file my_file.tsv (TSV, C-alpha atoms and all ligand atoms)
chain	number	residue	atom	x	y	z
A	1	MET	CA	-37.66	1.84	-12.65
A	2	ILE	CA	-40.74	0.81	-14.62
A	3	GLN	CA	-43.94	1.91	-12.90
A	4	GLN	CA	-46.56	0.79	-15.43
A	5	GLN	CA	-46.49	-1.48	-18.43
A	6	THR	CA	-47.27	-0.04	-21.84
A	7	VAL	CA	-49.82	-1.64	-24.17
A	8	ASP	CA	-50.37	-1.61	-27.95
A	9	ALA	CA	-48.41	0.36	-30.46
A	10	VAL	CA	-49.99	3.44	-32.03
A	11	LYS	CA	-53.04	2.60	-34.14
A	12	LEU	CA	-53.27	4.66	-37.27
A	13	GLY	CA	-56.21	2.91	-38.90
A	14	ASP	CA	-58.85	5.62	-38.43
A	15	ALA	CA	-56.77	8.67	-39.14
A	16	ALA	CA	-57.22	10.50	-42.46
A	17	ILE	CA	-53.60	10.38	-43.59
A	18	ASP	CA	-51.95	9.41	-46.87
A	19	GLU	CA	-49.99	6.17	-47.32
A	20	ASN	CA	-46.55	7.84	-47.18
A	21	THR	CA	-47.34	9.57	-43.93
A	22	LYS	CA	-48.85	6.40	-42.55
A	23	ALA	CA	-45.66	4.47	-43.38
A	24	MET	CA	-43.55	7.14	-41.66
A	25	LEU	CA	-45.71	7.21	-38.55
A	26	GLU	CA	-46.02	3.44	-38.24
A	27	LYS	CA	-42.29	3.36	-37.55
A	28	LEU	CA	-42.86	5.41	-34.41
A	29	LYS	CA	-44.13	3.06	-31.76
A	30	ILE	CA	-42.39	4.20	-28.62
A	31	VAL	CA	-41.87	7.82	-27.66
A	32	THR	CA	-39.65	8.71	-24.73
A	33	VAL	CA	-40.10	12.13	-23.16
A	34	ILE	CA	-37.20	13.33	-21.02
A	35	GLY	CA	-38.36	15.60	-18.19
A	36	SER	CA	-41.72	15.67	-16.43
A	37	GLY	CA	-42.11	19.38	-15.72
A	38	THR	CA	-44.77	21.60	-17.28
A	39	MET	CA	-43.66	21.02	-20.87
A	40	GLY	CA	-42.70	17.35	-20.36
A	41	ASN	CA	-46.04	16.38	-18.88
A	42	GLY	CA	-47.95	18.28	-21.56
A	43	ILE	CA	-45.96	16.50	-24.28
A	44	CYS	CA	-46.63	13.08	-22.66
A	45	HIS	CA	-50.33	14.05	-22.49
A	46	VAL	CA	-50.71	14.74	-26.22
A	47	PHE	CA	-48.70	11.69	-27.34
A	48	ALA	CA	-50.61	9.32	-25.03
A	49	GLN	CA	-53.93	10.82	-26.10
A	50	SER	CA	-53.00	10.19	-29.74
A	51	GLY	CA	-52.34	6.49	-29.08
A	52	PHE	CA	-48.56	6.36	-28.63
A	53	ASN	CA	-46.80	4.34	-25.96
A	54	VAL	CA	-45.05	6.99	-23.89
A	55	HIS	CA	-42.02	6.45	-21.68
A	56	MET	CA	-41.77	9.38	-19.29
A	57	MET	CA	-38.25	9.72	-17.91
A	58	ASP	CA	-37.05	11.92	-15.05
A	59	ILE	CA	-34.40	11.49	-12.39
A	60	ASN	CA	-37.04	12.35	-9.81
A	61	GLN	CA	-39.84	9.77	-9.34
A	62	ALA	CA	-41.88	12.16	-7.15
A	63	ALA	CA	-41.88	14.71	-10.00
A	64	MET	CA	-43.24	12.04	-12.37
A	65	ASP	CA	-45.93	11.01	-9.88
A	66	LYS	CA	-46.97	14.66	-9.72
A	67	ALA	CA	-46.88	14.91	-13.53
A	68	LEU	CA	-49.23	11.92	-13.88
A	69	VAL	CA	-51.69	13.59	-11.50
A	70	THR	CA	-51.47	16.81	-13.55
A	71	ILE	CA	-52.07	14.93	-16.80
A	72	GLY	CA	-55.10	13.21	-15.25
A	73	LYS	CA	-56.50	16.57	-14.08
A	74	ASN	CA	-55.92	18.20	-17.47
A	75	MET	CA	-57.63	15.26	-19.18
A	76	ASP	CA	-60.53	15.70	-16.72
A	77	ARG	CA	-61.03	19.20	-18.16
A	78	GLN	CA	-61.40	17.59	-21.59
A	79	VAL	CA	-63.78	14.94	-20.22
A	80	ALA	CA	-65.88	17.72	-18.63
A	81	LYS	CA	-66.06	19.44	-22.03
A	82	ASN	CA	-66.93	16.16	-23.83
A	83	THR	CA	-63.81	16.40	-25.97
A	84	LEU	CA	-62.48	13.15	-24.43
A	85	THR	CA	-64.35	10.17	-23.00
A	86	GLU	CA	-63.53	8.78	-19.57
A	87	GLU	CA	-62.58	5.51	-21.27
A	88	ALA	CA	-60.18	7.25	-23.70
A	89	LYS	CA	-58.66	9.12	-20.74
A	90	GLN	CA	-58.03	5.87	-18.86
A	91	GLN	CA	-56.52	4.26	-21.99
A	92	ALA	CA	-54.27	7.27	-22.56
A	93	LEU	CA	-53.05	7.22	-18.96
A	94	SER	CA	-52.35	3.47	-19.19
A	95	ARG	CA	-50.03	4.13	-22.15
A	96	ILE	CA	-47.67	6.20	-19.99
A	97	SER	CA	-44.87	4.37	-18.14
A	98	THR	CA	-42.40	6.15	-15.88
A	99	TYR	CA	-38.64	5.55	-15.67
A	100	THR	CA	-35.83	6.97	-13.60
A	101	ASP	CA	-33.21	5.03	-15.56
A	102	MET	CA	-32.44	6.55	-18.94
A	103	ALA	CA	-31.07	3.34	-20.48
A	104	GLN	CA	-34.35	1.53	-19.74
A	105	ALA	CA	-36.46	4.49	-20.87
A	106	VAL	CA	-34.86	4.78	-24.32
A	107	LYS	CA	-33.66	1.30	-25.24
A	108	ASP	CA	-36.63	0.69	-27.61
A	109	ALA	CA	-37.44	4.32	-28.40
A	110	ASP	CA	-38.23	5.38	-31.96
A	111	ILE	CA	-38.25	9.06	-31.07
A	112	VAL	CA	-37.12	10.93	-27.96
A	113	VAL	CA	-38.46	14.38	-27.12
A	114	GLU	CA	-36.19	16.05	-24.59
A	115	ALA	CA	-37.93	18.61	-22.34
A	116	ALA	CA	-35.42	19.04	-19.52
A	117	THR	CA	-34.37	22.36	-17.98
A	118	GLU	CA	-33.31	25.03	-20.48
A	119	ASN	CA	-29.57	24.77	-19.83
A	120	ILE	CA	-27.06	24.18	-22.63
A	121	ASP	CA	-24.61	22.09	-20.59
A	122	LEU	CA	-27.40	19.84	-19.30
A	123	LYS	CA	-28.87	19.38	-22.78
A	124	ILE	CA	-25.48	18.52	-24.28
A	125	LYS	CA	-24.94	15.92	-21.54
A	126	ILE	CA	-28.40	14.43	-22.10
A	127	PHE	CA	-27.92	14.25	-25.89
A	128	GLN	CA	-24.51	12.57	-25.50
A	129	GLN	CA	-26.16	9.93	-23.29
A	130	LEU	CA	-29.12	9.56	-25.65
A	131	ASP	CA	-26.79	9.11	-28.59
A	132	GLN	CA	-25.12	6.19	-26.80
A	133	LEU	CA	-28.26	4.58	-25.41
A	134	CYS	CA	-30.92	4.97	-28.13
A	135	PRO	CA	-31.34	2.60	-31.08
A	136	GLU	CA	-29.55	3.79	-34.20
A	137	HIS	CA	-32.76	4.72	-36.05
A	138	CYS	CA	-34.12	6.81	-33.16
A	139	ILE	CA	-34.88	10.51	-33.82
A	140	LEU	CA	-33.59	12.83	-31.10
A	141	ALA	CA	-35.87	15.86	-30.78
A	142	THR	CA	-35.51	18.70	-28.31
A	143	ASN	CA	-38.22	21.00	-27.01
A	144	THR	CA	-35.65	23.74	-26.44
A	145	SER	CA	-37.05	27.25	-26.70
A	146	SER	CA	-33.84	28.84	-27.96
A	147	ILE	CA	-30.70	26.68	-27.76
A	148	SER	CA	-29.06	25.91	-31.12
A	149	ILE	CA	-30.16	22.56	-32.58
A	150	THR	CA	-26.99	22.49	-34.70
A	151	ARG	CA	-24.88	22.85	-31.57
A	152	ILE	CA	-26.75	20.13	-29.67
A	153	GLY	CA	-26.54	17.83	-32.71
A	154	SER	CA	-22.80	18.42	-33.05
A	155	TYR	CA	-22.23	16.62	-29.74
A	156	THR	CA	-23.83	13.44	-31.13
A	157	LYS	CA	-22.77	10.97	-33.82
A	158	ARG	CA	-26.17	11.40	-35.50
A	159	PRO	CA	-26.63	15.16	-36.12
A	160	GLY	CA	-28.89	14.29	-39.08
A	161	LYS	CA	-31.40	12.84	-36.63
A	162	VAL	CA	-31.36	15.78	-34.22
A	163	ILE	CA	-34.21	18.28	-34.60
A	164	GLY	CA	-36.18	20.90	-32.66
A	165	MET	CA	-39.78	20.05	-31.77
A	166	HIS	CA	-40.90	23.14	-29.88
A	167	PHE	CA	-44.31	22.80	-28.23
A	168	MET	CA	-46.05	25.76	-26.58
A	169	ASN	CA	-47.44	25.99	-23.06
A	170	PRO	CA	-50.09	24.74	-22.22
A	171	VAL	CA	-49.21	21.92	-24.61
A	172	PRO	CA	-52.65	20.26	-24.76
A	173	VAL	CA	-54.23	23.63	-25.71
A	174	MET	CA	-51.76	25.41	-27.98
A	175	LYS	CA	-51.94	24.33	-31.62
A	176	LEU	CA	-48.40	25.20	-32.73
A	177	VAL	CA	-45.34	22.99	-33.01
A	178	GLU	CA	-42.34	24.99	-34.20
A	179	ILE	CA	-40.06	22.50	-35.97
A	180	ILE	CA	-36.45	23.63	-36.10
A	181	ASN	CA	-34.06	22.21	-38.65
A	182	GLY	CA	-30.48	22.11	-37.50
A	183	TYR	CA	-27.88	22.75	-40.20
A	184	ALA	CA	-27.29	18.98	-40.46
A	185	THR	CA	-30.86	17.71	-39.91
A	186	ASP	CA	-31.91	15.16	-42.58
A	187	ALA	CA	-34.95	16.02	-44.72
A	188	ASP	CA	-36.69	12.71	-43.95
A	189	VAL	CA	-36.39	13.44	-40.22
A	190	THR	CA	-38.03	16.84	-40.77
A	191	ASN	CA	-40.80	15.21	-42.83
A	192	THR	CA	-41.41	12.58	-40.14
A	193	VAL	CA	-41.61	15.14	-37.34
A	194	HIS	CA	-43.90	17.30	-39.49
A	195	ALA	CA	-46.26	14.36	-40.12
A	196	LEU	CA	-46.09	13.37	-36.47
A	197	SER	CA	-47.01	16.88	-35.28
A	198	THR	CA	-50.00	16.94	-37.61
A	199	TYR	CA	-51.05	13.52	-36.37
A	200	LEU	CA	-50.94	14.88	-32.79
A	201	GLY	CA	-53.55	17.47	-33.88
A	202	LYS	CA	-51.04	20.32	-34.00
A	203	VAL	CA	-50.11	22.76	-36.74
A	204	PRO	CA	-46.38	22.44	-37.51
A	205	CYS	CA	-44.28	25.30	-38.91
A	206	ILE	CA	-40.74	24.57	-40.08
A	207	VAL	CA	-38.04	27.16	-39.40
A	208	ASN	CA	-34.25	27.31	-39.53
A	209	ASP	CA	-31.79	27.31	-36.68
A	210	TYR	CA	-31.13	30.95	-35.74
A	211	PRO	CA	-31.14	32.32	-32.17
A	212	GLY	CA	-34.67	32.19	-30.70
A	213	PHE	CA	-35.91	30.55	-33.95
A	214	ILE	CA	-39.08	32.51	-34.88
A	215	SER	CA	-41.29	32.17	-31.80
A	216	ASN	CA	-38.91	33.56	-29.24
A	217	ARG	CA	-37.03	35.92	-31.56
A	218	ILE	CA	-40.31	37.81	-31.77
A	219	LEU	CA	-42.04	37.03	-28.46
A	220	MET	CA	-39.13	37.68	-26.07
A	221	PRO	CA	-38.21	41.17	-27.32
A	222	LEU	CA	-41.93	42.02	-26.93
A	223	ILE	CA	-41.87	40.83	-23.32
A	224	ASN	CA	-38.52	42.54	-22.68
A	225	GLU	CA	-39.88	45.81	-24.08
A	226	ALA	CA	-42.89	45.56	-21.74
A	227	ILE	CA	-40.48	45.10	-18.81
A	228	LEU	CA	-38.35	48.06	-19.98
A	229	SER	CA	-41.53	50.18	-20.19
A	230	LEU	CA	-42.38	49.21	-16.61
A	231	GLN	CA	-38.78	49.85	-15.48
A	232	GLU	CA	-38.86	53.32	-17.03
A	233	GLY	CA	-42.21	54.12	-15.37
A	234	VAL	CA	-44.02	54.62	-18.67
A	235	ALA	CA	-46.98	52.71	-17.26
A	236	GLY	CA	-47.88	50.24	-14.52
A	237	VAL	CA	-48.27	46.45	-14.72
A	238	GLU	CA	-52.05	46.54	-15.19
A	239	GLU	CA	-51.91	49.30	-17.82
A	240	ILE	CA	-49.23	47.55	-19.89
A	241	ASP	CA	-51.06	44.21	-19.84
A	242	THR	CA	-54.51	45.75	-20.42
A	243	ILE	CA	-53.23	47.71	-23.42
A	244	MET	CA	-51.88	44.55	-25.04
A	245	LYS	CA	-54.90	42.40	-24.12
A	246	LEU	CA	-57.64	44.81	-25.15
A	247	GLY	CA	-55.77	46.75	-27.82
A	248	MET	CA	-54.06	43.83	-29.57
A	249	ALA	CA	-56.33	40.94	-28.55
A	250	HIS	CA	-53.54	39.00	-26.84
A	251	PRO	CA	-55.01	36.38	-24.47
A	252	MET	CA	-52.57	37.46	-21.75
A	253	GLY	CA	-50.63	40.69	-21.38
A	254	PRO	CA	-46.83	40.40	-21.87
A	255	LEU	CA	-46.05	40.71	-18.14
A	256	GLN	CA	-48.56	38.02	-17.19
A	257	LEU	CA	-47.21	35.87	-20.00
A	258	ALA	CA	-43.65	36.39	-18.69
A	259	ASP	CA	-44.82	35.17	-15.26
A	260	PHE	CA	-46.52	32.20	-16.93
A	261	ILE	CA	-43.41	31.22	-18.95
A	262	GLY	CA	-41.09	31.87	-15.99
A	263	LEU	CA	-38.87	34.95	-15.69
A	264	ASP	CA	-35.75	32.77	-15.52
A	265	THR	CA	-36.66	31.23	-18.89
A	266	CYS	CA	-37.35	34.69	-20.38
A	267	TYR	CA	-34.00	35.94	-19.07
A	268	SER	CA	-32.08	32.98	-20.45
A	269	ILE	CA	-33.73	33.33	-23.89
A	270	MET	CA	-32.92	37.06	-23.98
A	271	ASN	CA	-29.31	36.17	-23.20
A	272	VAL	CA	-29.28	33.66	-26.09
A	273	LEU	CA	-30.59	36.38	-28.45
A	274	HIS	CA	-28.16	38.98	-27.07
A	275	MET	CA	-25.12	36.73	-27.40
A	276	GLY	CA	-26.25	35.02	-30.61
A	277	PHE	CA	-26.86	38.22	-32.59
A	278	GLY	CA	-24.34	40.40	-30.72
A	279	ASN	CA	-26.86	43.25	-30.92
A	280	GLN	CA	-27.57	45.56	-27.99
A	281	LYS	CA	-31.28	45.68	-28.88
A	282	TYR	CA	-31.63	42.22	-27.32
A	283	ALA	CA	-30.03	43.14	-23.96
A	284	PRO	CA	-32.28	41.84	-21.16
A	285	ALA	CA	-33.93	44.54	-19.03
A	286	THR	CA	-32.13	45.17	-15.73
A	287	LEU	CA	-35.45	44.75	-13.90
A	288	LEU	CA	-35.80	41.26	-15.41
A	289	ALA	CA	-32.25	40.35	-14.37
A	290	ASN	CA	-32.84	41.64	-10.83
A	291	MET	CA	-36.13	39.77	-10.43
A	292	VAL	CA	-34.51	36.52	-11.56
A	293	GLN	CA	-31.54	37.08	-9.26
A	294	ALA	CA	-33.89	37.67	-6.33
A	295	GLY	CA	-35.93	34.53	-7.10
A	296	PHE	CA	-39.14	36.29	-8.24
A	297	LEU	CA	-39.74	33.95	-11.16
A	298	GLY	CA	-43.50	34.31	-11.74
A	299	VAL	CA	-46.14	31.60	-11.29
A	300	LYS	CA	-43.66	28.88	-10.36
A	301	SER	CA	-42.19	30.83	-7.41
A	302	GLY	CA	-45.52	32.39	-6.37
A	303	GLU	CA	-44.60	35.97	-7.35
A	304	GLY	CA	-43.36	37.92	-10.34
A	305	PHE	CA	-45.21	40.91	-11.75
A	306	TYR	CA	-48.29	39.40	-10.10
A	307	LYS	CA	-48.76	37.50	-6.84
A	308	TYR	CA	-50.21	33.98	-7.07
A	309	THR	CA	-52.25	32.17	-4.46
A	310	PRO	CA	-52.72	28.44	-5.07
A	311	GLY	CA	-56.30	27.68	-6.10
A	312	SER	CA	-57.12	31.30	-6.95
A	313	LYS	CA	-57.48	32.56	-10.53
A	314	GLU	CA	-57.59	36.22	-9.46
A	315	LEU	CA	-54.87	38.34	-11.01
A	316	VAL	CA	-53.26	40.43	-8.23
A	317	VAL	CA	-50.43	42.83	-9.06
A	318	SER	CA	-47.38	42.29	-6.83
A	319	ASP	CA	-47.13	44.87	-4.02
A	320	ARG	CA	-43.76	45.91	-5.44
A	321	PHE	CA	-45.47	47.27	-8.56
A	322	LYS	CA	-48.63	48.69	-6.99
A	323	ASN	CA	-49.19	52.42	-7.55
A	324	LYS	CA	-46.24	52.62	-9.92
A	325	GLY	CA	-46.60	53.70	-13.48
A	326	TRP	CA	-48.23	56.84	-14.83
A	327	LYS	CA	-47.25	59.00	-11.80
A	328	ILE	CA	-43.59	59.39	-12.72
B	1	LIG	N1	-54.48	21.20	-20.30
B	1	LIG	C1	-55.65	21.04	-20.93
B	1	LIG	N2	-56.53	22.04	-21.12
B	1	LIG	C2	-56.21	23.25	-20.61
B	1	LIG	C3	-55.00	23.50	-19.94
B	1	LIG	C4	-54.13	22.40	-19.79
B	1	LIG	N3	-52.94	22.54	-19.17
B	1	LIG	N4	-54.97	24.81	-19.57
B	1	LIG	C5	-56.10	25.37	-20.01
B	1	LIG	N5	-56.85	24.44	-20.64
B	1	LIG	C6	-58.11	24.63	-21.36
B	1	LIG	C7	-59.28	24.95	-20.45
B	1	LIG	O1	-59.93	23.76	-20.02
B	1	LIG	C8	-60.17	25.78	-21.37
B	1	LIG	O2	-60.86	24.94	-22.29
B	1	LIG	P1	-62.16	25.45	-23.12
B	1	LIG	O3	-61.72	26.57	-24.00
B	1	LIG	O4	-62.56	24.24	-23.89
B	1	LIG	O5	-63.13	25.91	-22.08
B	1	LIG	C9	-59.17	26.58	-22.19
B	1	LIG	O6	-57.94	25.84	-22.14
B	1	LIG	C10	-58.97	27.95	-21.61
B	1	LIG	O7	-58.52	27.82	-20.27
B	1	LIG	P2	-59.08	28.70	-19.07
B	1	LIG	O8	-60.55	28.99	-19.25
B	1	LIG	O9	-58.65	28.06	-17.79
B	1	LIG	O10	-58.27	30.05	-19.09
B	1	LIG	P3	-58.08	31.11	-20.21
B	1	LIG	O11	-59.27	31.30	-21.07
B	1	LIG	O12	-57.53	32.27	-19.47
B	1	LIG	O13	-56.92	30.50	-21.14
B	1	LIG	C11	-54.68	30.09	-21.70
B	1	LIG	C12	-55.71	30.08	-20.59
B	1	LIG	C13	-55.03	29.03	-22.74
B	1	LIG	C14	-53.35	29.75	-21.04
B	1	LIG	C15	-54.68	31.51	-22.37
B	1	LIG	O14	-54.57	32.51	-21.41
B	1	LIG	C16	-53.57	31.67	-23.37
B	1	LIG	O15	-53.68	31.26	-24.51
B	1	LIG	N6	-52.48	32.34	-22.94
B	1	LIG	C17	-51.30	32.55	-23.77
B	1	LIG	C18	-50.50	31.28	-23.80
B	1	LIG	C19	-49.24	31.44	-24.59
B	1	LIG	O16	-48.93	32.45	-25.17
B	1	LIG	N7	-48.47	30.36	-24.61
B	1	LIG	C20	-47.19	30.35	-25.27
B	1	LIG	C21	-46.16	30.68	-24.26
B	1	LIG	S1	-44.56	30.68	-24.98
B	1	LIG	C22	-44.10	29.06	-24.93
B	1	LIG	O17	-44.76	28.20	-24.44
B	1	LIG	C23	-42.85	28.71	-25.57
B	1	LIG	C24	-41.60	29.34	-25.17
B	1	LIG	O18	-40.63	28.99	-25.79
B	1	LIG	C25	-41.41	30.31	-24.09
call {"tool": "encode", "arguments": {"input": "my_file.tsv", "output": "structure tokens", "more": "lines below"}}
Ligand code: CAA
result
Amino acid sequence: MIQQQTVDAVKLGDAAIDENTKAMLEKLKIVTVIGSGTMGNGICHVFAQSGFNVHMMDINQAAMDKALVTIGKNMDRQVAKNTLTEEAKQQALSRISTYTDMAQAVKDADIVVEAATENIDLKIKIFQQLDQLCPEHCILATNTSSISITRIGSYTKRPGKVIGMHFMNPVPVMKLVEIINGYATDADVTNTVHALSTYLGKVPCIVNDYPGFISNRILMPLINEAILSLQEGVAGVEEIDTIMKLGMAHPMGPLQLADFIGLDTCYSIMNVLHMGFGNQKYAPATLLANMVQAGFLGVKSGEGFYKYTPGSKELVVSDRFKNKGWKI
């Protein structure tokens, strides 16, 4: 169902880009983003702000309504900081249309960025549908944090046009886009996605398709090691996070970051590394597995290593981990 009409195509006139890049980007008029959760709405935000017509697609209209409110609120932060005008905010929001029907959402798409739940079977199903419904020239990108691009591409008839476009959370703030080349990804698709990421104001880094790529091959074992340290009673939640924040200048400690990413996502990425490399060093911590099993998923469920109260920014360690740590 179409909720709003889109307006002009992306305008590249003012951007400082060379002619080749301009020609590549001018072909991208309509971007469809599949999924309206945290990553999906952040991706819609940055595309709309950069002048693209964005088709947001989700099976759940209420989730998209919520996503539009979130995008508006996040743009308000930028307006408050004078990094976006109220007028530009309104224009960006007017470029986003919502769809519950995939065929409608993608029929004119030049690039699709899939940001659905991190589940291999679901992604394969979505890419098979996209392959049938999207125009032939359309690039099929996935925001997966660890699932093989080569594998996803192999379920389509256009593996050369399948690529990883991995944004980081919060998408409007984090500068990186990790671009993942599947084994069969065409070079011109990689070049287009690289130029596009730069145009969105991001810094793209191109990597190859190995489990966890680079970001999560390095980040997740760090988080898992922090959880193992907690499990073994080497130190408590606050000590582990403070050591990494103040000693290594990380903006969040690894346990807070795990809560922020979602413990279910961390667990599933560790399983991808563990199975993909067949190496015991990537085995997920039992504490992580238990917390996921019990539904303590971090910010999204209200409790993980910390306890979250809506509207409060205070960081409160979960009662389950209070007074545990150095007193072994
Ligand atoms: N949209 C727009 N702006 C936002 C925002 C959002 N969703 N969230 C925060 N901001 C802005 C704020 O307005 C603020 O702007 P100014 O600097 O201009 O004042 C700035 O970001 C900082 O926000 P806050 O003051 O609210 O809070 P903070 O200083 O604690 O920073 C944070 C919050 C940016 C999230 C910071 O803690 C951080 O960088 N954390 C680490 C994030 C990280 O590692 N992300 C990657 C996770 S891994 C991943 O995403 C991929 C994966 O595969 C698992």
call {"tool": "closest_atom_pairs", "arguments": {"input": "my_file.tsv", "of": "chain A", "to": "ligand LIG 1 (chain B)", "cutoff": "6 Å", "atoms": "only C-alpha atoms and all ligand atoms", "output": "CSV"}}
result
residue,atom,partner,partner_atom,distance
A:Asn74,CA,B:LIG1,N1,4.4
A:Arg77,CA,B:LIG1,O1,5.0
A:Ser145,CA,B:LIG1,O18,4.1
A:Met168,CA,B:LIG1,O17,3.5
A:Asn169,CA,B:LIG1,O17,3.7
A:Pro170,CA,B:LIG1,N3,4.7
A:Pro172,CA,B:LIG1,N1,4.9
A:Val173,CA,B:LIG1,N2,5.4
A:Asn216,CA,B:LIG1,O18,6.0
A:Pro251,CA,B:LIG1,O14,5.0
A:Met252,CA,B:LIG1,N6,5.3
A:Ile261,CA,B:LIG1,C25,5.6
call {"tool": "residues_around", "arguments": {"input": "my_file.tsv", "residues": "Thr38 in chain A", "least_positions_apart": "5", "cutoff": "12 Å", "atoms": "all atoms listed in the file", "output": "list in words"}}
result
Ile43, Cys44, His45, Ala63, Met64, Lys66, Ala67, Leu68, Thr70, Ile71, Asn74, Ala115, Ala116, Thr117, Asn143, Phe167, Met168, Asn169, Pro170, Val171, Pro172, Phe260, Ile261, Gly262, Val299 and Lys300 of chain A
call {"tool": "write_last_selection", "arguments": {"input": "my_file.tsv", "atoms": "C-alpha atoms", "output": "mmCIF file, in the coordinates of the input"}}
result
data_model
loop_
_atom_site.group_PDB
_atom_site.id
_atom_site.type_symbol
_atom_site.label_atom_id
_atom_site.label_comp_id
_atom_site.auth_asym_id
_atom_site.auth_seq_id
_atom_site.Cartn_x
_atom_site.Cartn_y
_atom_site.Cartn_z
ATOM 1 C CA ILE A 43 -45.960 16.500 -24.280
ATOM 2 C CA CYS A 44 -46.630 13.080 -22.660
ATOM 3 C CA HIS A 45 -50.330 14.050 -22.490
ATOM 4 C CA ALA A 63 -41.880 14.710 -10.000
ATOM 5 C CA MET A 64 -43.240 12.040 -12.370
ATOM 6 C CA LYS A 66 -46.970 14.660 -9.720
ATOM 7 C CA ALA A 67 -46.880 14.910 -13.530
ATOM 8 C CA LEU A 68 -49.230 11.920 -13.880
ATOM 9 C CA THR A 70 -51.470 16.810 -13.550
ATOM 10 C CA ILE A 71 -52.070 14.930 -16.800
ATOM 11 C CA ASN A 74 -55.920 18.200 -17.470
ATOM 12 C CA ALA A 115 -37.930 18.610 -22.340
ATOM 13 C CA ALA A 116 -35.420 19.040 -19.520
ATOM 14 C CA THR A 117 -34.370 22.360 -17.980
ATOM 15 C CA ASN A 143 -38.220 21.000 -27.010
ATOM 16 C CA PHE A 167 -44.310 22.800 -28.230
ATOM 17 C CA MET A 168 -46.050 25.760 -26.580
ATOM 18 C CA ASN A 169 -47.440 25.990 -23.060
ATOM 19 C CA PRO A 170 -50.090 24.740 -22.220
ATOM 20 C CA VAL A 171 -49.210 21.920 -24.610
ATOM 21 C CA PRO A 172 -52.650 20.260 -24.760
ATOM 22 C CA PHE A 260 -46.520 32.200 -16.930
ATOM 23 C CA ILE A 261 -43.410 31.220 -18.950
ATOM 24 C CA GLY A 262 -41.090 31.870 -15.990
ATOM 25 C CA VAL A 299 -46.140 31.600 -11.290
ATOM 26 C CA LYS A 300 -43.660 28.880 -10.360
#
call {"tool": "closest_residue", "arguments": {"input": "my_file.tsv", "among": "A:Gly311, A:Gly40, A:Gly276, A:Gly236", "to": "Arg217 in chain A", "atoms": "all atoms listed in the file"}}
result
A:Gly276
call {"tool": "residues_around", "arguments": {"input": "my_file.tsv", "residues": "Ile214 in chain A", "least_positions_apart": "6", "cutoff": "9 Å", "atoms": "only C-alpha atoms", "output": "list in words"}}
result
Glu178, Val207 and Asn208 of chain A
call {"tool": "residues_around", "arguments": {"input": "my_file.tsv", "residues": "Asp58 in chain A", "least_positions_apart": "2", "cutoff": "9 Å", "atoms": "all atoms listed in the file", "output": "list in words"}}
result
Val33, Ile34, Gly35, Ser36, Met56, Asn60, Gln61, Ala63, Met64, Thr98, Tyr99, Thr100, Asp101, Met102 and Ala116 of chain A
call {"tool": "write_last_selection", "arguments": {"input": "my_file.tsv", "atoms": "C-alpha atoms", "output": "mmCIF file, keeping the file's coordinate frame"}}
result
data_model
loop_
_atom_site.group_PDB
_atom_site.id
_atom_site.type_symbol
_atom_site.label_atom_id
_atom_site.label_comp_id
_atom_site.auth_asym_id
_atom_site.auth_seq_id
_atom_site.Cartn_x
_atom_site.Cartn_y
_atom_site.Cartn_z
ATOM 1 C CA VAL A 33 -40.100 12.130 -23.160
ATOM 2 C CA ILE A 34 -37.200 13.330 -21.020
ATOM 3 C CA GLY A 35 -38.360 15.600 -18.190
ATOM 4 C CA SER A 36 -41.720 15.670 -16.430
ATOM 5 C CA MET A 56 -41.770 9.380 -19.290
ATOM 6 C CA ASN A 60 -37.040 12.350 -9.810
ATOM 7 C CA GLN A 61 -39.840 9.770 -9.340
ATOM 8 C CA ALA A 63 -41.880 14.710 -10.000
ATOM 9 C CA MET A 64 -43.240 12.040 -12.370
ATOM 10 C CA THR A 98 -42.400 6.150 -15.880
ATOM 11 C CA TYR A 99 -38.640 5.550 -15.670
ATOM 12 C CA THR A 100 -35.830 6.970 -13.600
ATOM 13 C CA ASP A 101 -33.210 5.030 -15.560
ATOM 14 C CA MET A 102 -32.440 6.550 -18.940
ATOM 15 C CA ALA A 116 -35.420 19.040 -19.520
#
call {"tool": "residues_around", "arguments": {"input": "my_file.tsv", "residues": "Ala283 in chain A", "least_positions_apart": "3", "cutoff": "7 Å", "atoms": "all atoms listed in the file", "output": "PDB file with C-alpha atoms, in the coordinates of the input"}}
result
ATOM      1  CA  MET A 270     -32.920  37.060 -23.980  1.00  0.00           C
ATOM      2  CA  HIS A 274     -28.160  38.980 -27.070  1.00  0.00           C
ATOM      3  CA  GLN A 280     -27.570  45.560 -27.990  1.00  0.00           C
TER       4      GLN A 280
END
call {"tool": "atom_distance", "arguments": {"input": "my_file.tsv", "atom1": "CA of Leu228 in chain A", "atom2": "CA of Ala285 in chain A"}}
result
5.7 Å
call {"tool": "closest_residue", "arguments": {"input": "my_file.tsv", "among": "A:Val162, A:Ile147, A:Ala195, A:Ile96", "to": "Asp131 in chain A", "atoms": "all atoms listed in the file"}}
result
A:Val162
call {"tool": "closest_residue", "arguments": {"input": "my_file.tsv", "among": "A:Ser146, A:Lys202, A:Lys161, A:His250", "to": "Tyr267 in chain A", "atoms": "all atoms listed in the file"}}
result
A:Ser146
call {"tool": "closest_residue", "arguments": {"input": "my_file.tsv", "among": "A:Lys157, A:Gly42, A:Phe277, A:Arg151", "to": "Gln129 in chain A", "atoms": "only C-alpha atoms"}}
result
A:Lys157
call {"tool": "closest_residue", "arguments": {"input": "my_file.tsv", "among": "A:His55, A:Ser268, A:Thr192, A:Lys307", "to": "Lys322 in chain A", "atoms": "all atoms listed in the file"}}
result
A:Lys307
